Amino acid sequence: MKSQWLTSGLCVLALSLMLTGCATPKPYDYTNFRAHPPRSILVLPPLNESTAVEGTYGYLSTVSFPLAEMGYYVYPVSVTDQFLKENGMPTAGEMHQVPLDKVREIIGADAVLYITLKQYGTKYEVLSSVTTVQAQGKLVDTRTGLVLWEGTGIGQEGSGGSGNIIADMIIAVGSQAVNSSVDHAHTVCPMANAMMFTTKDHGLLYGPYHPQTESQ
Amino acid sequence: MDRYRAAILAGLVLLTGGCSTPKTIYYWGHYQNLIYESYAAPGKIPPESQVEQLEADYQKARSLNQPVPPGFHAYLGYLYFQLGKLDQAKQEFETEKNLFPESAVFMDRMLANLKKS
């Protein structure tokens with residue numbers, strides 16, 4: 001029993017080393033980005049491949065902060081969403097199909113960020129739970145159609161045990177009852193965003209409103 | 001197993017940026033949270049109280065001498081529009097445009113919509 005714990009623990013450790021190890025070798029090729037550096041970004045509601053319907057807007061509402069703090073003009077996500085809905089595009093899928101020249105004409109954005117949600121939600125086990133948000137982002141230039149940048153991010157948060165089985169059971173039952181009624185994954189989105197946008201050599205470069213934009 | 005996983009997750013959190021809280025460019029206030037709440041529970045926070053919270057945020061930002069983020073005034077203008085307060089809506093859309101010229105095409109579209117209504 002004990003060795004089984006140890007083995008699975010080591011597996012997780014090895015896996016996490018692999019994950020962090022993989023992130024370094026080949027930096028992202030920023031050639032297209034540097035040729036067409038955008039000032040403004042339109043963030044469309046994500047395509048949601050997870051089973052949680054609340055993921056689309058739970059995620060969308062967290063993306064303005066990292067992009068604006070990295071120096072970009074970010075269009076007001078709910079106003080543009082509402083505008084597109086009123087103009088015949090009721091779903092994220094339809095918005096992702098809008099031709100780029102139309103985006104440029106109607107909104108004026110230099111670039112569009114297309115996000116796909118791969119995972120969004122909490123998985124409950126007997127004495128613990130893990131909340132995972134995984135997303136992929138693709139930034140496309142509205143003038144040329146070139147992909148300026150692509151990235152991926154994952155955020156995870158777990159409630160583990162203390163080792164005292166009775167105490168764990170009480171906590172697990174209590175926190176599951178509380179957590180399942182709220183969209184806990186929403187609070188994990190910033191972690192996925194941080195990984196997607198700010199990972200060294202893979203994240204997004206700074207935009208015009210960031211003080212360090214000249215030095216990159 | 002759980003203990004290992006919790007430790008590793010904690011490590012990952014630290015690695016992915018839980019370390020420090022550097023100063024942000026903008027004062028965010030309730031902006032993102034109101035957007036989230038409007039989708040998660042439509043109607044729970046009516047436009048009137050959203051306007052109230054954002055106007056308070058704006059005063060706070062001014063007192064801290066920090067700008068509000070891109071989209072803030074556009075969203076506030078949109079809320080005023082929903083309330084039928086078209087003069088205030090116009091003013092907010094114009095403020096957004098002045099602060100961030102990148103928004104001009106979209107804000108002009110919003111301003112044109114105001115004239116129609």
# chains A, B, ... in the order shown; residues from 1 in each chain; ligands from 1

$ residues_around --residues "Asp87 in chain B" --least-positions-apart "4" --cutoff "10 Å" --atoms "only C-alpha atoms" --output "ChimeraX atom specification"
/B:77,80-81,91-92,114

$ atom_distance --atom1 "CA of Leu204 in chain A" --atom2 "CA of Met110 in chain B"
29.6 Å

$ atom_distance --atom1 "CA of Leu113 in chain A" --atom2 "CA of Ala194 in chain A"
15.6 Å

$ select_by_dssp --residues "range 13-171 of chain A" --states "helix (DSSP H, G or I)" --output "number ranges by chain"
A: 13-22, 31-35, 55-60, 64-69, 77-86, 92-95, 100-106, 165-171

$ closest_atom_pairs --of "range 14-89 of chain B" --to "range 46-65 of chain A" --cutoff "8 Å" --atoms "only C-alpha atoms" --output "Markdown table"
| residue | atom | partner | partner_atom | distance |
| --- | --- | --- | --- | --- |
| B:Gln32 | CA | A:Ser61 | CA | 6.0 |
| B:Asn33 | CA | A:Ser61 | CA | 7.5 |
| B:Ile35 | CA | A:Ser61 | CA | 6.0 |
| B:Tyr36 | CA | A:Ser61 | CA | 5.3 |
| B:Tyr39 | CA | A:Tyr57 | CA | 6.4 |
| B:Ala40 | CA | A:Glu54 | CA | 7.3 |

$ write_last_selection --atoms "C-alpha atoms" --output "PDB file, in the first residue's frame"
ATOM      1  CA  GLN B  32     -13.933  42.067 -14.803  1.00  0.00           C
ATOM      2  CA  ASN B  33     -16.039  40.752 -11.961  1.00  0.00           C
ATOM      3  CA  ILE B  35     -18.641  41.130 -16.656  1.00  0.00           C
ATOM      4  CA  TYR B  36     -18.415  37.680 -15.115  1.00  0.00           C
ATOM      5  CA  TYR B  39     -22.956  36.239 -17.648  1.00  0.00           C
ATOM      6  CA  ALA B  40     -23.044  33.844 -14.685  1.00  0.00           C
TER       7      ALA B  40
END
